[in-house]
>>> print(open('query_20.txt').read())   # compact mmCIF, C-alpha atoms (C1' of nucleotides)
# COMPACT_ATOMS: atom_id res chain seq x y z
CA MET N 1 177.65 165.73 71.87
CA GLU N 2 175.06 167.39 69.67
CA ALA N 3 171.83 168.37 71.39
CA LEU N 4 169.78 165.67 73.06
CA ARG N 5 167.05 164.38 70.83
CA ALA N 6 164.26 161.98 71.63
CA ASP N 7 165.27 158.32 71.49
CA MET N 8 168.80 158.92 70.26
CA PHE N 9 169.94 155.38 70.88
CA GLU N 10 167.55 153.24 68.90
CA GLU N 11 167.86 149.59 68.11
CA ILE N 12 169.84 150.25 64.97
CA CYS N 13 172.31 152.57 66.69
CA PRO N 14 175.70 151.64 65.23
CA SER N 15 177.34 151.77 68.65
CA THR N 16 175.91 148.32 69.28
CA LEU N 17 178.41 147.01 66.75
CA LEU N 18 181.47 148.50 68.39
CA PRO N 19 183.81 145.91 69.91
CA PHE N 20 183.98 147.40 73.37
CA ARG N 21 181.98 148.55 76.29
CA ILE N 22 182.76 151.56 78.43
CA GLY N 23 181.48 151.79 81.98
CA PRO N 24 179.81 149.27 84.22
CA ASP N 25 176.83 148.26 82.10
CA LYS N 26 175.03 148.32 78.77
CA TRP N 27 173.81 151.91 78.86
CA SER N 28 176.72 153.59 80.64
CA ALA N 29 178.28 154.99 77.51
CA ALA N 30 175.01 156.51 76.35
CA VAL N 31 174.39 158.02 79.76
CA LEU N 32 177.86 159.53 79.87
CA ARG N 33 177.28 161.10 76.50
CA CYS N 34 173.98 162.58 77.59
CA LEU N 35 175.71 164.19 80.56
CA GLU N 36 178.57 165.56 78.54
CA ASP N 37 177.27 169.11 78.24
CA GLY N 38 176.31 169.61 81.86
CA PRO N 39 174.02 168.39 84.59
CA ARG N 40 170.74 166.75 83.66
CA ARG N 41 167.69 165.72 85.59
CA PHE N 42 166.36 162.21 85.64
CA SER N 43 163.40 163.14 83.48
CA GLU N 44 165.66 164.92 81.02
CA LEU N 45 167.74 161.82 80.59
CA ARG N 46 164.65 159.80 79.85
CA VAL N 47 164.10 161.72 76.63
CA PRO N 48 167.19 160.70 74.65
CA LEU N 49 167.24 157.36 76.46
CA ALA N 50 163.64 156.67 75.61
CA ARG N 51 164.05 152.94 75.35
CA VAL N 52 165.69 152.59 78.73
CA THR N 53 163.11 151.93 81.40
CA PRO N 54 163.32 153.92 84.62
CA LYS N 55 164.48 150.89 86.56
CA VAL N 56 167.38 150.24 84.23
CA LEU N 57 168.29 153.91 84.02
CA THR N 58 168.38 154.10 87.80
CA GLN N 59 170.58 151.03 87.94
CA SER N 60 172.95 152.51 85.44
CA LEU N 61 173.15 155.86 87.18
CA ARG N 62 173.72 154.20 90.55
CA ALA N 63 176.52 152.09 89.12
CA LEU N 64 178.15 155.13 87.54
CA GLU N 65 177.82 156.97 90.81
CA ARG N 66 179.31 154.09 92.77
CA ASP N 67 182.29 154.01 90.44
CA GLY N 68 182.87 157.73 90.74
CA PHE N 69 181.93 158.80 87.22
CA VAL N 70 178.71 160.61 88.06
CA ARG N 71 177.62 162.77 90.95
CA ARG N 72 174.02 162.79 92.10
CA THR N 73 172.65 165.90 93.74
CA ALA N 74 169.21 166.02 95.33
CA GLU N 75 167.77 169.34 96.30
CA ALA N 76 164.07 169.55 97.07
CA ARG N 77 161.95 168.46 94.09
CA ARG N 78 165.01 168.31 91.89
CA VAL N 79 167.59 165.62 91.34
CA THR N 80 170.47 166.27 88.98
CA TYR N 81 173.20 164.09 87.66
CA GLU N 82 176.50 165.35 86.36
CA LEU N 83 179.85 163.98 85.33
CA THR N 84 182.75 164.08 87.74
CA ASP N 85 186.23 164.80 86.41
CA LEU N 86 186.77 161.08 86.30
CA GLY N 87 183.57 160.71 84.30
CA HIS N 88 184.71 163.30 81.80
CA GLY N 89 187.98 161.42 81.52
CA LEU N 90 186.21 158.16 80.88
CA LEU N 91 184.01 159.78 78.26
CA LYS N 92 187.14 161.05 76.55
CA GLN N 93 188.40 157.50 76.33
CA LEU N 94 185.12 156.52 74.74
CA TYR N 95 185.73 159.10 72.05
CA VAL N 96 189.23 157.74 71.51
CA LEU N 97 187.74 154.34 70.86
CA CYS N 98 185.08 155.79 68.60
CA ASP N 99 187.73 157.57 66.58
CA TRP N 100 189.64 154.36 66.10
CA SER N 101 186.45 152.52 65.21
CA SER N 102 185.39 155.01 62.62
CA GLU N 103 188.84 154.87 61.06
CA HIS N 104 188.44 151.12 60.73
CA TRP N 105 184.73 151.03 60.22
CA ASP N 106 184.95 149.30 56.86
CA GLU N 107 187.05 146.46 58.20
CA LEU N 108 184.90 146.08 61.27
CA LEU N 109 181.76 145.95 59.22
CA GLU N 110 183.18 143.63 56.62
CA ALA N 111 184.25 141.11 59.25
CA ARG N 112 180.78 141.06 60.71
CA GLU N 113 179.05 140.64 57.41
CA GLY N 114 181.50 138.44 55.55
CA MET D 1 203.38 141.70 76.77
CA GLU D 2 205.97 139.99 78.93
CA ALA D 3 206.38 136.27 78.44
CA LEU D 4 203.39 134.03 78.93
CA ARG D 5 203.27 132.53 82.38
CA ALA D 6 200.94 129.92 83.78
CA ASP D 7 197.59 131.29 84.93
CA MET D 8 198.39 134.92 84.31
CA PHE D 9 194.84 136.11 84.74
CA GLU D 10 193.87 134.91 88.18
CA GLU D 11 190.85 135.89 90.16
CA ILE D 12 192.58 138.86 91.71
CA CYS D 13 193.81 140.19 88.37
CA PRO D 14 193.28 143.97 88.60
CA SER D 15 191.92 144.08 85.06
CA THR D 16 188.61 142.87 86.46
CA LEU D 17 188.25 146.30 88.07
CA LEU D 18 188.74 148.30 84.90
CA PRO D 19 185.60 150.11 83.74
CA PHE D 20 185.57 148.75 80.21
CA ARG D 21 185.61 145.66 78.14
CA ILE D 22 187.44 145.24 74.88
CA GLY D 23 186.32 142.67 72.34
CA PRO D 24 183.24 140.53 72.14
CA ASP D 25 183.36 138.73 75.48
CA LYS D 26 184.86 138.39 78.91
CA TRP D 27 188.20 136.87 77.93
CA SER D 28 188.83 138.66 74.64
CA ALA D 29 191.27 141.17 76.07
CA ALA D 30 193.34 138.48 77.73
CA VAL D 31 193.40 136.41 74.56
CA LEU D 32 194.49 139.39 72.49
CA ARG D 33 197.33 140.01 74.92
CA CYS D 34 198.45 136.41 74.75
CA LEU D 35 198.63 136.67 70.97
CA GLU D 36 200.49 139.95 70.98
CA ASP D 37 203.96 138.51 70.34
CA GLY D 38 203.04 136.19 67.52
CA PRO D 39 200.98 133.12 66.64
CA ARG D 40 200.08 130.66 69.37
CA ARG D 41 198.56 127.23 69.35
CA PHE D 42 195.42 126.36 71.25
CA SER D 43 197.33 124.41 73.87
CA GLU D 44 199.80 127.24 74.29
CA LEU D 45 196.98 129.63 75.05
CA ARG D 46 195.62 127.31 77.68
CA VAL D 47 198.72 127.85 79.83
CA PRO D 48 198.37 131.57 80.61
CA LEU D 49 194.59 131.25 80.42
CA ALA D 50 194.53 128.36 82.85
CA ARG D 51 191.20 129.23 84.36
CA VAL D 52 189.40 129.44 81.04
CA THR D 53 187.87 126.11 80.12
CA PRO D 54 188.43 124.86 76.57
CA LYS D 55 184.82 125.45 75.65
CA VAL D 56 184.95 129.07 76.70
CA LEU D 57 188.33 129.61 75.09
CA THR D 58 187.01 128.21 71.83
CA GLN D 59 183.98 130.47 72.03
CA SER D 60 186.18 133.47 72.59
CA LEU D 61 188.54 132.62 69.75
CA ARG D 62 185.64 131.99 67.38
CA ALA D 63 184.09 135.33 68.26
CA LEU D 64 187.40 137.12 67.74
CA GLU D 65 187.80 135.35 64.43
CA ARG D 66 184.28 136.24 63.34
CA ASP D 67 184.94 139.89 64.13
CA GLY D 68 188.18 139.92 62.17
CA PHE D 69 190.62 140.32 65.06
CA VAL D 70 192.16 136.87 64.95
CA ARG D 71 193.08 134.52 62.14
CA ARG D 72 192.87 130.78 62.62
CA THR D 73 195.15 128.57 60.57
CA ALA D 74 194.83 124.80 60.57
CA GLU D 75 197.60 122.76 59.01
CA ALA D 76 197.73 119.04 59.74
CA ARG D 77 198.05 118.37 63.48
CA ARG D 78 198.58 122.05 64.16
CA VAL D 79 196.16 124.91 64.66
CA THR D 80 197.52 128.39 65.21
CA TYR D 81 195.88 131.63 66.10
CA GLU D 82 197.34 135.02 65.36
CA LEU D 83 196.26 138.63 65.43
CA THR D 84 195.20 140.33 62.24
CA ASP D 85 196.15 143.95 61.68
CA LEU D 86 192.75 144.88 63.01
CA GLY D 87 193.43 142.75 66.08
CA HIS D 88 196.72 144.51 66.69
CA GLY D 89 194.88 147.80 66.35
CA LEU D 90 192.27 146.77 68.88
CA LEU D 91 194.94 145.62 71.29
CA LYS D 92 196.58 149.00 70.97
CA GLN D 93 193.33 150.61 72.03
CA LEU D 94 193.30 148.34 75.04
CA TYR D 95 196.67 149.69 76.03
CA VAL D 96 195.42 153.24 75.61
CA LEU D 97 192.66 152.48 78.07
CA CYS D 98 195.06 150.77 80.44
CA ASP D 99 197.33 153.81 80.38
CA TRP D 100 194.44 156.06 81.26
CA SER D 101 193.32 153.68 83.99
CA SER D 102 196.72 153.47 85.60
CA GLU D 103 196.97 157.25 85.56
CA HIS D 104 193.70 157.39 87.46
CA TRP D 105 194.08 154.20 89.41
CA ASP D 106 193.81 155.91 92.79
CA GLU D 107 190.55 157.61 91.94
CA LEU D 108 189.12 154.47 90.39
CA LEU D 109 190.03 152.41 93.40
CA GLU D 110 188.83 154.96 95.90
CA ALA D 111 185.41 155.18 94.27
CA ARG D 112 185.03 151.43 94.48
CA GLU D 113 186.09 151.21 98.07
CA GLY D 114 184.64 154.41 99.51
C1' DC K 1 140.77 167.73 98.23
C1' DC K 2 142.31 165.80 94.10
C1' DA K 3 144.92 165.08 90.20
C1' DC K 4 149.54 165.33 88.49
C1' DC K 5 154.47 165.46 88.05
C1' DT K 6 159.02 163.89 89.48
C1' DG K 7 161.88 160.38 90.62
C1' DG K 8 161.88 156.67 91.44
C1' DT K 9 160.71 151.20 93.51
C1' DT K 10 158.94 146.31 93.39
C1' DA K 11 158.08 141.90 91.65
C1' DC K 12 158.56 139.00 88.14
C1' DC K 13 160.52 136.97 83.98
C1' DA K 14 163.49 135.68 79.88
C1' DG K 15 167.70 135.56 77.50
C1' DT K 16 172.53 135.32 77.56
C1' DT K 17 177.06 134.29 79.51
C1' DG K 18 180.06 131.71 81.51
C1' DG K 19 181.55 127.67 84.19
C1' DA K 20 181.84 122.35 85.54
C1' DT K 21 182.43 118.07 83.84
C1' DA K 22 182.85 114.68 80.77
C1' DC K 23 183.54 113.05 76.30
C1' DT K 24 185.39 112.68 71.29
C1' DC K 25 188.08 112.39 67.12
C1' DT K 26 192.40 112.20 64.50
C1' DG K 27 196.92 111.12 63.54
C1' DA K 28 201.39 110.08 65.18
C1' DA K 29 204.41 107.42 68.47
C1' DA K 30 205.94 103.36 71.00
C1' DT E 1 197.89 97.73 68.87
C1' DT E 2 197.38 100.56 72.32
C1' DT E 3 198.24 104.87 73.73
C1' DC E 4 198.74 109.66 73.74
C1' DA E 5 198.61 114.63 72.62
C1' DG E 6 196.19 118.20 70.33
C1' DA E 7 192.10 120.50 69.54
C1' DG E 8 188.41 120.73 70.52
C1' DT E 9 182.53 119.08 71.61
C1' DA E 10 178.49 117.94 74.29
C1' DT E 11 175.51 118.59 78.22
C1' DC E 12 173.99 120.61 81.85
C1' DC E 13 173.47 124.30 84.97
C1' DA E 14 173.89 128.70 87.86
C1' DA E 15 174.43 133.48 87.76
C1' DC E 16 173.92 137.72 85.87
C1' DT E 17 171.62 141.24 82.89
C1' DG E 18 168.24 143.51 81.14
C1' DG E 19 163.31 144.15 80.19
C1' DT E 20 157.83 144.53 81.45
C1' DA E 21 154.52 146.15 83.93
C1' DA E 22 152.77 147.95 87.73
C1' DC E 23 153.05 150.61 91.68
C1' DC E 24 154.30 154.47 95.03
C1' DA E 25 155.50 158.72 97.96
C1' DG E 26 156.05 163.50 98.44
C1' DG E 27 155.29 168.04 96.83
C1' DT E 28 152.38 171.36 93.66
C1' DG E 29 148.73 173.62 91.17
C1' DG E 30 144.00 174.27 90.72
>>> encode(input="query_20.txt", output="structure tokens")
Amino acid sequence: MEALRADMFEEICPSTLLPFRIGPDKWSAAVLRCLEDGPRRFSELRVPLARVTPKVLTQSLRALERDGFVRRTAEARRVTYELTDLGHGLLKQLYVLCDWSSEHWDELLEAREG
Amino acid sequence: MEALRADMFEEICPSTLLPFRIGPDKWSAAVLRCLEDGPRRFSELRVPLARVTPKVLTQSLRALERDGFVRRTAEARRVTYELTDLGHGLLKQLYVLCDWSSEHWDELLEAREG
DNA sequence: CCACCTGGTTACCAGTTGGATACTCTGAAA
DNA sequence: TTTCAGAGTATCCAACTGGTAACCAGGTGG
């Protein structure tokens, strides 16, 4: 993924139109993407995921951890999250779906609007 | 898909463990699979999807139709549903995900249990 | 000692999804 | 004429999900 920006996943984010969900809950896919380029701290994740409240972000991270996609490491005054191999694999599948979606974006959009 | 059997998607159906959802709602993936081999009537779909109530099945079909994955055809005393090209494409993506999942089934299962 | 930062937690609430159950309408069949 | 099959609707309700807002505990810098 390109660099993490503030509030990358706004209301109008086109991903909300895609006909699938990856991971256990609403924000899983976004979290996976934010972890793509290496470990991140909780507070780092809050920047791109600005409209996810801490409670919901925690829930999402815990679910991803439970399912083996993310590893949580706590060392004094520092908690980091990173993708496991399985998590990287899942993220890859997300990109497969995104590729297909962008190939068929016109049809997908037309069906929704028409 | 193999032939449609009665109640193919029971409670213990392993698909409920897969970390993704394809299509607009809970039963979309199952409906797509049931339509894979050609058009089906409403009552035909109710056989493999025995534990989906008619209301919910209708909802699912309407959503799939709205999104352009399924085409509904009503000719006197006969309503048939069939996949559009887009629907076939989406189903193919489902199989991609299933392939990946079965490759990593052990890891997926272990994470859930451990 | 006090404020502050990190990484959360708690309690509460609203919206959405899906399920149970019963009912309906239409046109053919007997 | 009643009945039946097909294709749904109509209500109601419980569970689940996600969101708001507020709070907190432990370490750090001044």
>>> interface_residues(input="query_20.txt", of="chain D", to="chain K", cutoff="10 Å", atoms="only C-alpha atoms (C1' of nucleotides)", output="PyMOL selection string")
chain D and resi 25-26+51-53+55-56+76-77
>>> interface_residues(input="query_20.txt", of="chain N", to="chain D", cutoff="6 Å", atoms="only C-alpha atoms", output="list in words")
Pro19, Phe20, Arg21, Ile22, Gly23, Pro24, Asp67, Gly68, Ala111 and Arg112 of chain N
>>> axis_aligned_box(input="query_20.txt", around="stretch 99-111 of chain N", padding_each_side="5 Å", output="JSON")
{"center_x": 185.7, "center_y": 149.3, "center_z": 61.6, "size_x": 17.9, "size_y": 26.5, "size_z": 20.0}
>>> interface_residues(input="query_20.txt", of="chain E", to="chain D", cutoff="10 Å", atoms="only C-alpha atoms (C1' of nucleotides)", output="list in words")
DA5, DG6, DA7, DG8, DT9 and DA10 of chain E
>>> residues_near_point(input="query_20.txt", point="(194.1, 130.2, 62.6)", cutoff="10 Å", atoms="all atoms listed in the file", output="number ranges by chain")
D: 39-42, 61-62, 65, 70-75, 78-83
>>> build_atoms(input="query_20.txt", residues="stretch 76-109 of chain N", atoms="N, CA and C atoms", output="short mmCIF file (atom, residue, chain, number, x, y, z; two decimals), keeping the file's coordinate frame")
data_model
loop_
_atom_site.label_atom_id
_atom_site.label_comp_id
_atom_site.auth_asym_id
_atom_site.auth_seq_id
_atom_site.Cartn_x
_atom_site.Cartn_y
_atom_site.Cartn_z
N ALA N 76 165.52 169.70 97.07
CA ALA N 76 164.07 169.55 97.07
C ALA N 76 163.42 169.56 95.68
N ARG N 77 162.69 168.54 95.37
CA ARG N 77 161.95 168.46 94.09
C ARG N 77 162.85 168.53 92.88
N ARG N 78 164.11 168.14 93.02
CA ARG N 78 165.01 168.31 91.89
C ARG N 78 166.23 167.43 92.12
N VAL N 79 166.41 166.47 91.25
CA VAL N 79 167.59 165.62 91.34
C VAL N 79 168.38 165.81 90.06
N THR N 80 169.66 166.11 90.19
CA THR N 80 170.47 166.27 88.98
C THR N 80 171.66 165.33 89.02
N TYR N 81 172.04 164.93 87.84
CA TYR N 81 173.20 164.09 87.66
C TYR N 81 174.21 164.85 86.81
N GLU N 82 175.48 164.71 87.18
CA GLU N 82 176.50 165.35 86.36
C GLU N 82 177.77 164.52 86.39
N LEU N 83 178.59 164.70 85.39
CA LEU N 83 179.85 163.98 85.33
C LEU N 83 180.83 164.54 86.35
N THR N 84 181.59 163.66 86.97
CA THR N 84 182.75 164.08 87.74
C THR N 84 183.91 164.26 86.76
N ASP N 85 185.04 164.71 87.27
CA ASP N 85 186.23 164.80 86.41
C ASP N 85 186.57 163.43 85.86
N LEU N 86 186.47 162.44 86.73
CA LEU N 86 186.77 161.08 86.30
C LEU N 86 185.81 160.65 85.19
N GLY N 87 184.56 161.04 85.33
CA GLY N 87 183.57 160.71 84.30
C GLY N 87 183.89 161.36 82.97
N HIS N 88 184.30 162.64 83.04
CA HIS N 88 184.71 163.30 81.80
C HIS N 88 185.90 162.58 81.17
N GLY N 89 186.82 162.15 82.03
CA GLY N 89 187.98 161.42 81.52
C GLY N 89 187.57 160.12 80.85
N LEU N 90 186.66 159.42 81.47
CA LEU N 90 186.21 158.16 80.88
C LEU N 90 185.52 158.41 79.54
N LEU N 91 184.69 159.44 79.51
CA LEU N 91 184.01 159.78 78.26
C LEU N 91 185.02 160.08 77.16
N LYS N 92 186.10 160.75 77.54
CA LYS N 92 187.14 161.05 76.55
C LYS N 92 187.71 159.75 75.98
N GLN N 93 187.89 158.78 76.82
CA GLN N 93 188.40 157.50 76.33
C GLN N 93 187.41 156.86 75.36
N LEU N 94 186.13 157.03 75.67
CA LEU N 94 185.12 156.52 74.74
C LEU N 94 185.31 157.14 73.37
N TYR N 95 185.56 158.44 73.35
CA TYR N 95 185.73 159.10 72.05
C TYR N 95 186.99 158.61 71.34
N VAL N 96 188.03 158.32 72.12
CA VAL N 96 189.23 157.74 71.51
C VAL N 96 188.89 156.44 70.78
N LEU N 97 188.14 155.61 71.46
CA LEU N 97 187.74 154.34 70.86
C LEU N 97 186.87 154.55 69.63
N CYS N 98 185.97 155.52 69.74
CA CYS N 98 185.08 155.79 68.60
C CYS N 98 185.88 156.29 67.41
N ASP N 99 186.89 157.10 67.67
CA ASP N 99 187.73 157.57 66.58
C ASP N 99 188.40 156.39 65.88
N TRP N 100 188.99 155.53 66.68
CA TRP N 100 189.64 154.36 66.10
C TRP N 100 188.63 153.53 65.30
N SER N 101 187.45 153.33 65.89
CA SER N 101 186.45 152.52 65.21
C SER N 101 186.03 153.12 63.88
N SER N 102 185.87 154.43 63.88
CA SER N 102 185.39 155.01 62.62
C SER N 102 186.49 154.98 61.56
N GLU N 103 187.75 155.04 62.01
CA GLU N 103 188.84 154.87 61.06
C GLU N 103 188.82 153.49 60.42
N HIS N 104 188.38 152.50 61.20
CA HIS N 104 188.44 151.12 60.73
C HIS N 104 187.05 150.55 60.49
N TRP N 105 186.11 151.44 60.29
CA TRP N 105 184.73 151.03 60.22
C TRP N 105 184.49 150.00 59.11
N ASP N 106 185.13 150.22 57.97
CA ASP N 106 184.95 149.30 56.86
C ASP N 106 185.37 147.88 57.22
N GLU N 107 186.56 147.79 57.81
CA GLU N 107 187.05 146.46 58.20
C GLU N 107 186.16 145.82 59.24
N LEU N 108 185.75 146.61 60.21
CA LEU N 108 184.90 146.08 61.27
C LEU N 108 183.60 145.55 60.70
N LEU N 109 183.04 146.33 59.79
CA LEU N 109 181.76 145.95 59.22
C LEU N 109 181.90 144.73 58.33
#
